[in-house]
Every structure is written in C-alpha cells, then in structure tokens.
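J.: What follows is work.pdb; its format and atoms are PDB, C-alpha atoms and all ligand atoms.
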ATOM      1  CA  MET A   9     207.420 -37.754 180.150
ATOM      2  CA  THR A  10     207.252 -40.764 177.803
ATOM      3  CA  ASP A  11     209.722 -40.669 174.935
ATOM      4  CA  ILE A  12     207.562 -41.222 171.837
ATOM      5  CA  ALA A  13     210.612 -42.537 169.975
ATOM      6  CA  THR A  14     210.254 -45.771 171.997
ATOM      7  CA  VAL A  15     207.508 -47.002 169.649
ATOM      8  CA  GLY A  16     209.758 -46.623 166.641
ATOM      9  CA  ALA A  17     209.409 -44.912 163.323
ATOM     10  CA  PHE A  18     208.195 -45.703 159.808
ATOM     11  CA  ARG A  19     209.051 -44.410 156.372
ATOM     12  CA  LEU A  20     206.879 -41.616 154.982
ATOM     13  CA  GLY A  21     208.231 -40.784 151.551
ATOM     14  CA  ASP A  22     211.915 -39.912 151.753
ATOM     15  CA  ARG A  23     211.752 -39.314 155.523
ATOM     16  CA  THR A  24     211.171 -41.446 158.568
ATOM     17  CA  VAL A  25     208.662 -40.217 161.123
ATOM     18  CA  LYS A  26     207.878 -41.309 164.667
ATOM     19  CA  ARG A  27     204.845 -43.561 164.860
ATOM     20  CA  ILE A  28     202.904 -41.108 167.014
ATOM     21  CA  GLY A  29     202.129 -37.819 165.331
ATOM     22  CA  TYR A  30     199.372 -35.243 165.664
ATOM     23  CA  GLY A  31     196.188 -34.502 163.695
ATOM     24  CA  ALA A  32     195.388 -30.787 163.600
ATOM     25  CA  MET A  33     191.726 -30.884 162.547
ATOM     26  CA  GLN A  34     190.415 -30.282 166.074
ATOM     27  CA  LEU A  35     192.158 -26.884 166.200
ATOM     28  CA  ALA A  36     189.546 -25.149 164.014
ATOM     29  CA  GLY A  37     186.239 -23.907 165.429
ATOM     30  CA  PRO A  38     183.148 -26.042 166.131
ATOM     31  CA  GLY A  39     182.271 -28.290 163.191
ATOM     32  CA  VAL A  40     185.842 -27.765 161.888
ATOM     33  CA  PHE A  41     184.603 -24.364 160.721
ATOM     34  CA  GLY A  42     185.899 -20.917 161.572
ATOM     35  CA  PRO A  43     188.520 -19.934 164.139
ATOM     36  CA  PRO A  44     189.111 -21.668 167.475
ATOM     37  CA  SER A  45     187.502 -20.110 170.548
ATOM     38  CA  ASP A  46     190.951 -19.844 172.146
ATOM     39  CA  ARG A  47     193.673 -19.130 169.557
ATOM     40  CA  ASP A  48     196.519 -19.119 172.079
ATOM     41  CA  ALA A  49     195.450 -22.531 173.358
ATOM     42  CA  ALA A  50     195.472 -23.894 169.801
ATOM     43  CA  LEU A  51     198.974 -22.513 169.192
ATOM     44  CA  ALA A  52     200.107 -24.013 172.511
ATOM     45  CA  VAL A  53     198.936 -27.497 171.452
ATOM     46  CA  LEU A  54     201.018 -27.318 168.267
ATOM     47  CA  ARG A  55     204.112 -26.073 170.097
ATOM     48  CA  GLU A  56     203.727 -28.744 172.788
ATOM     49  CA  ALA A  57     203.484 -31.444 170.108
ATOM     50  CA  ILE A  58     206.801 -30.376 168.596
ATOM     51  CA  ALA A  59     208.431 -29.936 172.024
ATOM     52  CA  SER A  60     207.359 -33.518 172.822
ATOM     53  CA  GLY A  61     209.136 -34.874 169.763
ATOM     54  CA  VAL A  62     206.264 -35.111 167.255
ATOM     55  CA  ASN A  63     207.591 -34.859 163.692
ATOM     56  CA  HIS A  64     204.438 -35.708 161.713
ATOM     57  CA  ILE A  65     201.451 -33.347 161.588
ATOM     58  CA  ASP A  66     198.302 -33.972 159.573
ATOM     59  CA  THR A  67     196.281 -31.028 158.291
ATOM     60  CA  SER A  68     194.219 -29.671 155.408
ATOM     61  CA  ASP A  69     193.353 -26.277 154.076
ATOM     62  CA  PHE A  70     189.689 -27.282 154.270
ATOM     63  CA  TYR A  71     189.891 -27.318 158.079
ATOM     64  CA  GLY A  72     188.473 -23.921 158.908
ATOM     65  CA  PRO A  73     188.875 -23.454 155.897
ATOM     66  CA  HIS A  74     192.481 -22.173 155.994
ATOM     67  CA  VAL A  75     192.370 -21.830 159.806
ATOM     68  CA  THR A  76     194.373 -24.906 160.752
ATOM     69  CA  ASN A  77     197.148 -24.235 158.243
ATOM     70  CA  ALA A  78     197.379 -20.617 159.412
ATOM     71  CA  LEU A  79     197.717 -21.800 163.027
ATOM     72  CA  ILE A  80     200.426 -24.300 162.082
ATOM     73  CA  ARG A  81     202.336 -21.566 160.282
ATOM     74  CA  GLU A  82     201.995 -19.097 163.145
ATOM     75  CA  ALA A  83     203.017 -21.628 165.783
ATOM     76  CA  LEU A  84     205.800 -23.476 163.998
ATOM     77  CA  HIS A  85     207.236 -21.573 161.004
ATOM     78  CA  PRO A  86     210.155 -21.768 160.242
ATOM     79  CA  TYR A  87     209.519 -25.474 160.564
ATOM     80  CA  PRO A  88     211.870 -27.933 162.284
ATOM     81  CA  VAL A  89     213.907 -29.709 159.596
ATOM     82  CA  ASP A  90     212.581 -33.139 160.512
ATOM     83  CA  LEU A  91     208.891 -32.119 160.548
ATOM     84  CA  VAL A  92     206.700 -33.732 157.882
ATOM     85  CA  ILE A  93     203.414 -31.899 157.281
ATOM     86  CA  VAL A  94     200.823 -33.965 155.451
ATOM     87  CA  THR A  95     197.909 -32.142 153.873
ATOM     88  CA  LYS A  96     194.938 -33.231 151.806
ATOM     89  CA  VAL A  97     192.987 -31.864 148.867
ATOM     90  CA  GLY A  98     189.775 -32.840 147.098
ATOM     91  CA  ALA A  99     187.096 -30.852 148.931
ATOM     92  CA  VAL A 100     186.027 -27.287 149.581
ATOM     93  CA  ARG A 101     183.858 -25.905 152.347
ATOM     94  CA  GLY A 102     180.570 -24.161 151.659
ATOM     95  CA  GLU A 103     179.537 -21.024 153.508
ATOM     96  CA  ASP A 104     177.157 -23.257 155.454
ATOM     97  CA  ALA A 105     180.168 -25.336 156.642
ATOM     98  CA  SER A 106     179.299 -28.141 154.190
ATOM     99  CA  TRP A 107     182.064 -30.362 152.725
ATOM    100  CA  ASN A 108     181.864 -30.432 148.931
ATOM    101  CA  PRO A 109     183.913 -32.514 146.474
ATOM    102  CA  ALA A 110     186.415 -30.444 144.461
ATOM    103  CA  MET A 111     188.244 -32.976 142.331
ATOM    104  CA  ALA A 112     188.540 -31.245 138.963
ATOM    105  CA  PRO A 113     192.181 -30.616 137.974
ATOM    106  CA  ALA A 114     191.680 -26.834 138.330
ATOM    107  CA  ASP A 115     190.293 -27.328 141.859
ATOM    108  CA  LEU A 116     193.328 -29.410 142.800
ATOM    109  CA  VAL A 117     195.774 -26.855 141.392
ATOM    110  CA  ARG A 118     194.022 -24.147 143.439
ATOM    111  CA  ALA A 119     194.041 -26.299 146.571
ATOM    112  CA  VAL A 120     197.753 -27.074 146.278
ATOM    113  CA  HIS A 121     198.579 -23.377 145.851
ATOM    114  CA  ASP A 122     196.328 -22.495 148.820
ATOM    115  CA  ASN A 123     198.182 -25.027 150.987
ATOM    116  CA  LEU A 124     201.593 -23.759 149.841
ATOM    117  CA  ARG A 125     200.664 -20.161 150.616
ATOM    118  CA  ASN A 126     198.908 -20.815 153.919
ATOM    119  CA  LEU A 127     201.606 -23.133 155.252
ATOM    120  CA  GLY A 128     204.318 -20.771 153.966
ATOM    121  CA  VAL A 129     206.339 -23.374 152.035
ATOM    122  CA  ASP A 130     207.644 -23.772 148.463
ATOM    123  CA  VAL A 131     206.910 -27.483 148.319
ATOM    124  CA  LEU A 132     204.364 -29.607 150.194
ATOM    125  CA  ASP A 133     205.854 -32.669 151.953
ATOM    126  CA  VAL A 134     202.915 -35.029 151.339
ATOM    127  CA  VAL A 135     199.528 -34.411 149.696
ATOM    128  CA  ASN A 136     196.694 -36.912 150.070
ATOM    129  CA  LEU A 137     193.933 -36.973 147.495
ATOM    130  CA  ARG A 138     190.862 -37.111 149.764
ATOM    131  CA  LEU A 139     188.191 -39.083 147.940
ATOM    132  CA  MET A 140     184.678 -38.143 148.899
ATOM    133  CA  GLY A 141     183.165 -41.669 148.504
ATOM    134  CA  ARG A 142     180.483 -42.173 151.148
ATOM    135  CA  VAL A 143     181.578 -39.371 153.508
ATOM    136  CA  HIS A 144     183.855 -41.284 155.914
ATOM    137  CA  GLU A 145     183.804 -44.606 154.066
ATOM    138  CA  PRO A 146     185.297 -45.157 150.608
ATOM    139  CA  GLY A 147     183.243 -45.835 147.495
ATOM    140  CA  GLU A 148     184.533 -47.392 144.281
ATOM    141  CA  GLY A 149     185.174 -45.249 141.207
ATOM    142  CA  SER A 150     188.044 -44.190 139.001
ATOM    143  CA  ILE A 151     190.505 -41.666 140.447
ATOM    144  CA  GLU A 152     192.568 -41.448 137.292
ATOM    145  CA  GLU A 153     191.843 -37.815 136.426
ATOM    146  CA  PRO A 154     192.409 -36.234 139.876
ATOM    147  CA  PHE A 155     195.411 -38.386 140.780
ATOM    148  CA  THR A 156     197.023 -37.696 137.399
ATOM    149  CA  ALA A 157     196.526 -33.974 138.050
ATOM    150  CA  LEU A 158     198.328 -34.278 141.408
ATOM    151  CA  ALA A 159     201.105 -36.331 139.813
ATOM    152  CA  GLU A 160     201.598 -33.472 137.356
ATOM    153  CA  LEU A 161     201.918 -30.984 140.241
ATOM    154  CA  GLN A 162     204.443 -33.364 141.806
ATOM    155  CA  ARG A 163     206.424 -33.363 138.518
ATOM    156  CA  GLN A 164     206.370 -29.559 138.637
ATOM    157  CA  GLY A 165     208.079 -29.725 142.034
ATOM    158  CA  LEU A 166     205.180 -28.420 144.144
ATOM    159  CA  ILE A 167     204.620 -31.709 145.986
ATOM    160  CA  ARG A 168     207.256 -34.095 147.331
ATOM    161  CA  HIS A 169     205.053 -37.184 147.889
ATOM    162  CA  LEU A 170     201.510 -38.353 147.223
ATOM    163  CA  GLY A 171     198.969 -40.384 149.152
ATOM    164  CA  VAL A 172     195.270 -41.190 149.047
ATOM    165  CA  SER A 173     192.577 -40.889 151.662
ATOM    166  CA  ASN A 174     189.194 -42.602 152.024
ATOM    167  CA  ALA A 175     190.301 -45.012 149.311
ATOM    168  CA  THR A 176     189.474 -48.613 148.451
ATOM    169  CA  SER A 177     192.149 -51.199 147.747
ATOM    170  CA  ALA A 178     191.363 -50.900 143.998
ATOM    171  CA  GLN A 179     191.794 -47.111 144.138
ATOM    172  CA  VAL A 180     195.140 -47.494 145.921
ATOM    173  CA  ALA A 181     196.239 -49.861 143.150
ATOM    174  CA  GLN A 182     195.026 -47.446 140.469
ATOM    175  CA  ALA A 183     196.881 -44.549 142.101
ATOM    176  CA  ARG A 184     200.087 -46.641 142.317
ATOM    177  CA  GLY A 185     199.847 -47.192 138.573
ATOM    178  CA  ILE A 186     200.012 -43.402 138.077
ATOM    179  CA  ALA A 187     202.584 -42.313 140.686
ATOM    180  CA  GLU A 188     204.231 -43.573 143.862
ATOM    181  CA  VAL A 189     201.862 -43.682 146.862
ATOM    182  CA  VAL A 190     203.577 -43.242 150.230
ATOM    183  CA  CYS A 191     200.557 -43.330 152.550
ATOM    184  CA  VAL A 192     196.894 -44.237 152.787
ATOM    185  CA  GLN A 193     194.693 -42.381 155.274
ATOM    186  CA  ASN A 194     191.394 -44.147 155.986
ATOM    187  CA  HIS A 195     188.837 -44.506 158.792
ATOM    188  CA  TYR A 196     190.119 -47.215 161.153
ATOM    189  CA  ASN A 197     190.078 -47.911 164.877
ATOM    190  CA  LEU A 198     189.181 -50.623 167.421
ATOM    191  CA  VAL A 199     185.597 -50.678 166.151
ATOM    192  CA  GLN A 200     185.988 -49.755 162.465
ATOM    193  CA  ARG A 201     188.136 -52.525 160.984
ATOM    194  CA  ALA A 202     187.123 -52.736 157.321
ATOM    195  CA  ASP A 203     190.765 -52.153 156.312
ATOM    196  CA  ASP A 204     192.294 -55.088 158.205
ATOM    197  CA  ALA A 205     193.434 -56.765 154.977
ATOM    198  CA  LEU A 206     194.497 -53.533 153.255
ATOM    199  CA  ILE A 207     196.805 -52.628 156.151
ATOM    200  CA  GLY A 208     198.705 -55.887 155.658
ATOM    201  CA  GLU A 209     198.957 -55.366 151.890
ATOM    202  CA  LEU A 210     200.358 -51.873 152.428
ATOM    203  CA  ALA A 211     202.833 -53.081 155.080
ATOM    204  CA  ASP A 212     204.251 -55.546 152.535
ATOM    205  CA  LEU A 213     204.726 -52.629 150.121
ATOM    206  CA  GLY A 214     206.348 -50.364 152.740
ATOM    207  CA  ILE A 215     203.412 -47.921 152.521
ATOM    208  CA  ALA A 216     202.291 -46.130 155.696
ATOM    209  CA  TYR A 217     198.702 -46.586 156.871
ATOM    210  CA  VAL A 218     197.382 -43.581 158.799
ATOM    211  CA  PRO A 219     194.030 -44.165 160.507
ATOM    212  CA  PHE A 220     191.743 -41.181 160.789
ATOM    213  CA  PHE A 221     189.313 -41.143 163.733
ATOM    214  CA  PRO A 222     191.740 -43.322 165.761
ATOM    215  CA  LEU A 223     189.747 -42.397 168.874
ATOM    216  CA  GLY A 224     186.361 -42.539 167.155
ATOM    217  CA  GLY A 225     186.432 -38.957 165.862
ATOM    218  CA  PHE A 226     183.141 -37.129 166.380
ATOM    219  CA  THR A 227     181.755 -40.181 168.227
ATOM    220  CA  PRO A 228     184.451 -41.068 170.792
ATOM    221  CA  LEU A 229     185.021 -44.820 171.217
ATOM    222  CA  GLN A 230     183.042 -46.322 174.061
ATOM    223  CA  SER A 231     183.202 -49.942 175.141
ATOM    224  CA  SER A 232     183.032 -51.697 178.482
ATOM    225  CA  ILE A 233     185.915 -53.955 177.400
ATOM    226  CA  LEU A 234     188.033 -50.910 176.576
ATOM    227  CA  SER A 235     187.199 -49.324 179.941
ATOM    228  CA  ASP A 236     187.950 -52.576 181.824
ATOM    229  CA  VAL A 237     191.329 -52.989 180.121
ATOM    230  CA  ALA A 238     192.171 -49.346 180.825
ATOM    231  CA  THR A 239     191.363 -49.750 184.520
ATOM    232  CA  GLN A 240     193.362 -52.978 184.676
ATOM    233  CA  LEU A 241     196.430 -51.296 183.155
ATOM    234  CA  GLY A 242     196.081 -47.958 184.967
ATOM    235  CA  ALA A 243     195.628 -46.089 181.677
ATOM    236  CA  THR A 244     192.785 -44.198 180.014
ATOM    237  CA  PRO A 245     190.530 -45.793 177.360
ATOM    238  CA  MET A 246     191.934 -43.382 174.735
ATOM    239  CA  GLN A 247     195.492 -44.445 175.555
ATOM    240  CA  ILE A 248     194.548 -48.114 175.212
ATOM    241  CA  ALA A 249     192.840 -47.417 171.851
ATOM    242  CA  LEU A 250     196.036 -45.771 170.579
ATOM    243  CA  ALA A 251     198.333 -48.453 172.011
ATOM    244  CA  TRP A 252     196.183 -51.115 170.296
ATOM    245  CA  LEU A 253     196.735 -49.366 166.943
ATOM    246  CA  LEU A 254     200.488 -49.218 167.558
ATOM    247  CA  HIS A 255     200.498 -52.967 168.256
ATOM    248  CA  ARG A 256     198.186 -53.725 165.303
ATOM    249  CA  ALA A 257     200.731 -53.220 162.477
ATOM    250  CA  ARG A 258     204.187 -51.713 162.143
ATOM    251  CA  ASN A 259     203.136 -49.470 159.213
ATOM    252  CA  ILE A 260     200.428 -47.698 161.240
ATOM    253  CA  LEU A 261     201.237 -44.039 161.954
ATOM    254  CA  LEU A 262     199.010 -42.297 164.520
ATOM    255  CA  ILE A 263     197.568 -38.802 164.153
ATOM    256  CA  PRO A 264     195.160 -38.467 167.117
ATOM    257  CA  GLY A 265     193.456 -35.100 167.144
ATOM    258  CA  THR A 266     192.956 -32.868 170.136
ATOM    259  CA  SER A 267     192.522 -29.208 170.985
ATOM    260  CA  SER A 268     193.876 -29.698 174.499
ATOM    261  CA  VAL A 269     197.462 -29.837 175.761
ATOM    262  CA  SER A 270     196.505 -32.265 178.525
ATOM    263  CA  HIS A 271     194.832 -34.666 176.055
ATOM    264  CA  LEU A 272     197.853 -34.332 173.762
ATOM    265  CA  ARG A 273     200.184 -35.365 176.601
ATOM    266  CA  GLU A 274     197.881 -38.231 177.519
ATOM    267  CA  ASN A 275     197.803 -39.441 173.916
ATOM    268  CA  LEU A 276     201.573 -39.273 173.470
ATOM    269  CA  ALA A 277     202.020 -41.248 176.703
ATOM    270  CA  ALA A 278     200.310 -44.196 174.961
ATOM    271  CA  ALA A 279     203.789 -44.825 173.548
ATOM    272  CA  GLY A 280     204.764 -46.219 176.945
ATOM    273  CA  LEU A 281     202.037 -48.897 177.043
ATOM    274  CA  SER A 282     202.869 -52.481 176.260
ATOM    275  CA  LEU A 283     199.849 -54.733 175.667
ATOM    276  CA  SER A 284     200.089 -58.495 176.263
ATOM    277  CA  ASN A 285     198.708 -60.998 173.745
ATOM    278  CA  GLU A 286     195.900 -61.734 176.190
ATOM    279  CA  VAL A 287     194.919 -58.047 176.379
ATOM    280  CA  LEU A 288     195.151 -57.680 172.585
ATOM    281  CA  ALA A 289     192.888 -60.714 172.130
ATOM    282  CA  ARG A 290     190.328 -59.131 174.457
ATOM    283  CA  LEU A 291     190.479 -55.798 172.637
ATOM    284  CA  ASN A 292     190.044 -57.620 169.333
ATOM    285  CA  THR A 293     186.574 -58.726 170.466
ATOM    286  CA  ILE A 294     185.355 -55.106 170.662
ATOM    287  CA  GLU A 295     184.583 -54.939 166.945
ATOM    288  CA  THR A 296     182.299 -57.983 167.141
ATOM    289  CA  GLU A 297     180.680 -56.742 170.363
ATOM    290  CA  SER A 298     179.859 -53.384 168.803
ATOM    291  CA  ALA A 299     178.450 -55.000 165.630
ATOM    292  CA  ARG A 300     175.746 -56.793 167.699
TER     293      ARG A 300
HETATM  294  N1  LIG A 401     191.318 -38.023 155.757
HETATM  295  C1  LIG A 401     190.177 -37.740 156.335
HETATM  296  O1  LIG A 401     189.129 -37.796 155.712
HETATM  297  C2  LIG A 401     190.146 -37.330 157.765
HETATM  298  C3  LIG A 401     188.919 -37.289 158.443
HETATM  299  C4  LIG A 401     188.942 -36.939 159.769
HETATM  300  C5  LIG A 401     190.123 -36.632 160.408
HETATM  301  N2  LIG A 401     191.302 -36.672 159.713
HETATM  302  C6  LIG A 401     192.596 -36.417 160.377
HETATM  303  O2  LIG A 401     192.732 -37.364 161.413
HETATM  304  C7  LIG A 401     193.013 -36.701 162.649
HETATM  305  C8  LIG A 401     192.427 -37.492 163.777
HETATM  306  O3  LIG A 401     191.028 -37.545 163.670
HETATM  307  P1  LIG A 401     190.045 -36.711 164.614
HETATM  308  O4  LIG A 401     190.787 -35.642 165.311
HETATM  309  O5  LIG A 401     188.891 -36.318 163.796
HETATM  310  O6  LIG A 401     189.499 -37.810 165.593
HETATM  311  P2  LIG A 401     190.146 -38.627 166.804
HETATM  312  O7  LIG A 401     191.593 -38.404 166.912
HETATM  313  O8  LIG A 401     189.617 -40.011 166.700
HETATM  314  O9  LIG A 401     189.383 -37.983 168.060
HETATM  315  C9  LIG A 401     189.414 -36.637 168.331
HETATM  316  C10 LIG A 401     188.374 -36.393 169.425
HETATM  317  O10 LIG A 401     188.781 -37.085 170.608
HETATM  318  C11 LIG A 401     188.965 -36.124 171.649
HETATM  319  N3  LIG A 401     190.174 -36.529 172.373
HETATM  320  C12 LIG A 401     191.437 -36.554 171.897
HETATM  321  N4  LIG A 401     192.280 -37.015 172.826
HETATM  322  C13 LIG A 401     191.534 -37.286 173.911
HETATM  323  C14 LIG A 401     191.826 -37.789 175.194
HETATM  324  N5  LIG A 401     193.073 -38.110 175.548
HETATM  325  N6  LIG A 401     190.806 -37.947 176.095
HETATM  326  C15 LIG A 401     189.546 -37.641 175.737
HETATM  327  N7  LIG A 401     189.205 -37.161 174.523
HETATM  328  C16 LIG A 401     190.183 -36.989 173.625
HETATM  329  C17 LIG A 401     189.100 -34.781 171.005
HETATM  330  O11 LIG A 401     188.568 -33.787 171.842
HETATM  331  P3  LIG A 401     189.531 -32.682 172.536
HETATM  332  O12 LIG A 401     189.841 -31.679 171.488
HETATM  333  O13 LIG A 401     188.684 -32.152 173.635
HETATM  334  O14 LIG A 401     190.729 -33.412 173.032
HETATM  335  C18 LIG A 401     188.223 -34.954 169.775
HETATM  336  O15 LIG A 401     186.867 -34.722 170.086
HETATM  337  C19 LIG A 401     192.391 -35.327 162.467
HETATM  338  O16 LIG A 401     192.925 -34.399 163.375
HETATM  339  C20 LIG A 401     192.694 -35.036 161.006
HETATM  340  O17 LIG A 401     194.004 -34.516 160.897
HETATM  341  C21 LIG A 401     191.322 -37.036 158.408
END
Rewrite the coordinates I just gave you, this time as structure tokens.

T.:
Amino acid sequence: MTDIATVGAFRLGDRTVKRIGYGAMQLAGPGVFGPPSDRDAALAVLREAIASGVNHIDTSDFYGPHVTNALIREALHPYPVDLVIVTKVGAVRGEDASWNPAMAPADLVRAVHDNLRNLGVDVLDVVNLRLMGRVHEPGEGSIEEPFTALAELQRQGLIRHLGVSNATSAQVAQARGIAEVVCVQNHYNLVQRADDALIGELADLGIAYVPFFPLGGFTPLQSSILSDVATQLGATPMQIALAWLLHRARNILLIPGTSSVSHLRENLAAAGLSLSNEVLARLNTIETESAR
C-alpha cells in the first residue's frame, strides 16, 4: 500500500494535513440527495480512508442534506486527533433536490449549528463560505455580509478557521480583509484551469488551494492523452489526473470523491506516481485540446 505521506503535507489553519484527503459528497444518494443505497459500504469508505492515513475530509451538511455528516459521525466519531473536517455553508437543498443560495446571516448561523450538531463537535475545524456564483464557476459580487457573519461565528468560538469556495480572486481578497482565509475550494482539474494564476497567488500567501471536481466530478475526465499517459506509466487515468494536480503546485490539497473502497485505494495510490517534465508537458496540452 502506498504511504500517502510521501507526497508531503500543507498547512490548513493551525494544522498540517497530508496532501491527499477525501471528499465525502459521493456518499449521499443519487444526485447528492437522500441516503446511500448501501449504508455499510459508505461507512466502510470513510473508515478505510482514515485507516489509510487520510487526515483531511471535505463535507457539507447540504450533501443529503445532513446524510454525509451523519455518516462521518457514525463511522469516525470520536474523531482521530489529527483529523481536519472541512465543511461548507451557503446553500440549502429544496425538496426537489435543488441547490438554493442561503447566504443571509440567519441562514449561516443555522447552517453552522446544523453542522456542529450533525458532526457531533463543539467547534468546526474549517468552514468554507460556498458562493453560488454561476453554479460551479464563480461570479463577481460582494461577499461582505455573509463572510462578516461567519467571522462573527468564528469570534464566538464555533469555527476554528474560514475559507471560501467558488470564489474569484477579488472575493478572496475581500474575504481576507474581513478575517483570515486558510483555504480556497474552486473547480479545477486538467481541463478546467481558470485558476492557474490564483493558485500561485495563494501559494505565495501560504493559503491552501483545494480543487473540487479533481476527476471531473459529474462528468469524469476523458482524454486520449490522459489515457495514453496512463497506459505508458501503468496507472489509471484517474491516478494520472490526481498525480498531475499534486505536481501542479505545492499548496494543492486533494479531496477526490468516491463511494467505493477500491476507487479510494486507487486514488490514494496516486501518491506513488512521479511524473517527468516531459509527461507533465504532455498533460498540460489537454486543456487546449479540450477547448477545440
Ligand atoms: N465546493 C464545492 O462547490 C464543491 C462542489 C463539488 C464537490 N465538492 C467537494 O469536492 C469533492 C470531490 O468532488 P467530486 O466527488 O464531486 O468529484 P471528483 O472527485 O472529481 O469525481 C468523483 C467521481 O469520480 C468517480 N471516481 C472516483 N474515483 C474514481 C476512480 N479511481 N476510478 C473511476 N472513477 C472514480 C466517482 O464515482 P465512484 O463513487 O463510483 O467512485 C465519482 O463519480 C467532493 O466529494 C466534495 O467534497 C465541493
């Protein structure tokens, strides 16, 4: 089994986490709504992640809603001392499974208390304000009111650290003017590279960048170049996509999502892949290929 510590660690607030973590969104039912079809299998994925050395789990109370947090609590509470659970607030689910913005201060207070209760903790390690922008891409606009509301909850001792998600560079700067930002979680992968410059800016500031949809999310990454490289290196395309992210910048923390123990193991084994400059250059052409 690959030791995921080999790819190093990066600061996330007052802790340091390994650069490969786990994203729990896939544990809820279809459409990230309702319970999983196999609850025991979902619990097994979480326990396997921890047994494999993962110490960074990404979640939200709007996955399910409440389902993912309840699974994390059932599988892992009392939590390992080094585990950092990152959650996000800023949306609520409709009865039709829709995702609706919920950014008013009262909504955020409710969401933080829901996360505390459902995860079974007195203080949340990290809370990301998930901006609703253009669904999975950010859109400009002031975040002063909601981020100030979260900063107030942090002052009250309910949140240890704050981050932003689906945010533009200007919104990250605005948030940093209100309170310390320890991470930014945006859509980024081999094909979706709008944040290339932002990642560098954040690295200089010691802020973690956590790509969501590292494997393409609901539309898994597909590219003949990716498949060729994977064959050449005796790995899977998903492992190459993750290894590319690990090589891309030292402040990138991975949270690939899966509902399967075998995919989890495969993803963690990406830690053992070293990509040459020649391979990286080839993978860097995927974005341009897919834009054609
Ligand atoms: N901030 C945000 O707005 C936001 C948005 C989306 C997600 N997130 C977070 O980011 C995490 C990662 O994103 P994601 O889970 O949506 O997308 P992802 O990690 O890019 O991809 C997950 C998909 O890839 C499949 N998969 C995973 N490993 C695989 C493997 N080794 N081989 C083949 N297929 C594989 C999964 O299916 P199986 O279950 O079958 O493995 C699932 O369909 C989420 O879990 C969530 O915590 C945040």

J.: Ranking A:Leu272, A:Leu223, A:Met33, A:Ala59 by minimum distance to A:Val94 and counting only C-alpha atoms, which one comes first?

T.: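 Looking at the shortest contact to A:Val94, the residue is A:Met33.
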
J.: Between atom CA of A:Gly171 and atom CA of A:Arg273, measure the distance and give it in Å to one decimal.

T.: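 Distance reported for this atom pair: 27.9 Å.
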
J.: For ligand LIG 401 (chain A), return the neighbouring residues as a PDB file with C-alpha atoms, in the coordinates of the input (distance at most 6 Å; all atoms listed in the file).

T.:
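Just written: pocket.pdb:
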ATOM      1  CA  GLY A  31     196.188 -34.502 163.695  1.00  0.00           C
ATOM      2  CA  ALA A  32     195.388 -30.787 163.600  1.00  0.00           C
ATOM      3  CA  MET A  33     191.726 -30.884 162.547  1.00  0.00           C
ATOM      4  CA  GLN A  34     190.415 -30.282 166.074  1.00  0.00           C
ATOM      5  CA  ASP A  66     198.302 -33.972 159.573  1.00  0.00           C
ATOM      6  CA  THR A  67     196.281 -31.028 158.291  1.00  0.00           C
ATOM      7  CA  SER A 173     192.577 -40.889 151.662  1.00  0.00           C
ATOM      8  CA  GLN A 193     194.693 -42.381 155.274  1.00  0.00           C
ATOM      9  CA  PHE A 220     191.743 -41.181 160.789  1.00  0.00           C
ATOM     10  CA  PHE A 221     189.313 -41.143 163.733  1.00  0.00           C
ATOM     11  CA  PRO A 222     191.740 -43.322 165.761  1.00  0.00           C
ATOM     12  CA  LEU A 223     189.747 -42.397 168.874  1.00  0.00           C
ATOM     13  CA  GLY A 224     186.361 -42.539 167.155  1.00  0.00           C
ATOM     14  CA  GLY A 225     186.432 -38.957 165.862  1.00  0.00           C
ATOM     15  CA  PHE A 226     183.141 -37.129 166.380  1.00  0.00           C
ATOM     16  CA  PRO A 228     184.451 -41.068 170.792  1.00  0.00           C
ATOM     17  CA  MET A 246     191.934 -43.382 174.735  1.00  0.00           C
ATOM     18  CA  ILE A 263     197.568 -38.802 164.153  1.00  0.00           C
ATOM     19  CA  PRO A 264     195.160 -38.467 167.117  1.00  0.00           C
ATOM     20  CA  GLY A 265     193.456 -35.100 167.144  1.00  0.00           C
ATOM     21  CA  THR A 266     192.956 -32.868 170.136  1.00  0.00           C
ATOM     22  CA  SER A 267     192.522 -29.208 170.985  1.00  0.00           C
ATOM     23  CA  SER A 268     193.876 -29.698 174.499  1.00  0.00           C
ATOM     24  CA  HIS A 271     194.832 -34.666 176.055  1.00  0.00           C
ATOM     25  CA  GLU A 274     197.881 -38.231 177.519  1.00  0.00           C
ATOM     26  CA  ASN A 275     197.803 -39.441 173.916  1.00  0.00           C
TER      27      ASN A 275
END

J.: Rounded to one decimal place, report the atom CA of A:Gly29-atom CA of A:Thr14 distance in Å.

T.: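 So the answer is 13.2 Å.
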
J.: Separation of atom CA of A:Leu79 and atom CA of A:Leu139, in Å?

T.: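 Separation of atom CA of A:Leu79 and atom CA of A:Leu139: 24.8 Å.
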
J.: Using only C-alpha atoms, which of A:Leu276, A:Leu291, A:Leu283, A:Ala211 sits nearest A:Met9?

T.: A:Leu276

J.: Could you tell me which of A:Val190, A:Ala183, A:Leu84, A:Ala114 comes closest to A:Leu161 if we count all atoms listed in the file?

T.: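 When distances to A:Leu161 are compared using all atoms listed in the file, the smallest one comes from A:Ala114.
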
J.: Just checking: using only C-alpha atoms, which residue out of A:Arg47, A:His64, A:His195, A:Arg27 ends up closest to A:Pro146?

T.: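 Ranking A:Arg47, A:His64, A:His195, A:Arg27 by distance to A:Pro146, first place goes to A:His195.
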
J.: Would you mind putting back N, CA and C atoms on stretch 17-26 of chain A, then writing it out as a short mmCIF file (atom, residue, chain, number, x, y, z; two decimals), in the frame of the given file?

T.:
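Output below, filename out.cif:
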data_model
loop_
_atom_site.label_atom_id
_atom_site.label_comp_id
_atom_site.auth_asym_id
_atom_site.auth_seq_id
_atom_site.Cartn_x
_atom_site.Cartn_y
_atom_site.Cartn_z
N ALA A 17 209.68 -45.86 164.41
CA ALA A 17 209.41 -44.91 163.32
C ALA A 17 209.06 -45.71 162.08
N PHE A 18 208.51 -45.04 161.08
CA PHE A 18 208.20 -45.70 159.81
C PHE A 18 208.42 -44.70 158.69
N ARG A 19 208.73 -45.24 157.53
CA ARG A 19 209.05 -44.41 156.37
C ARG A 19 207.80 -43.69 155.85
N LEU A 20 207.96 -42.40 155.60
CA LEU A 20 206.88 -41.62 154.98
C LEU A 20 207.54 -40.82 153.86
N GLY A 21 207.51 -41.40 152.66
CA GLY A 21 208.23 -40.78 151.55
C GLY A 21 209.73 -40.93 151.75
N ASP A 22 210.45 -39.82 151.60
CA ASP A 22 211.92 -39.91 151.75
C ASP A 22 212.36 -39.62 153.19
N ARG A 23 211.41 -39.54 154.12
CA ARG A 23 211.75 -39.31 155.52
C ARG A 23 211.24 -40.47 156.36
N THR A 24 211.69 -40.48 157.61
CA THR A 24 211.17 -41.45 158.57
C THR A 24 210.54 -40.63 159.68
N VAL A 25 209.31 -40.98 160.05
CA VAL A 25 208.66 -40.22 161.12
C VAL A 25 208.34 -41.14 162.30
N LYS A 26 208.25 -40.53 163.49
CA LYS A 26 207.88 -41.31 164.67
C LYS A 26 206.44 -41.80 164.49
#
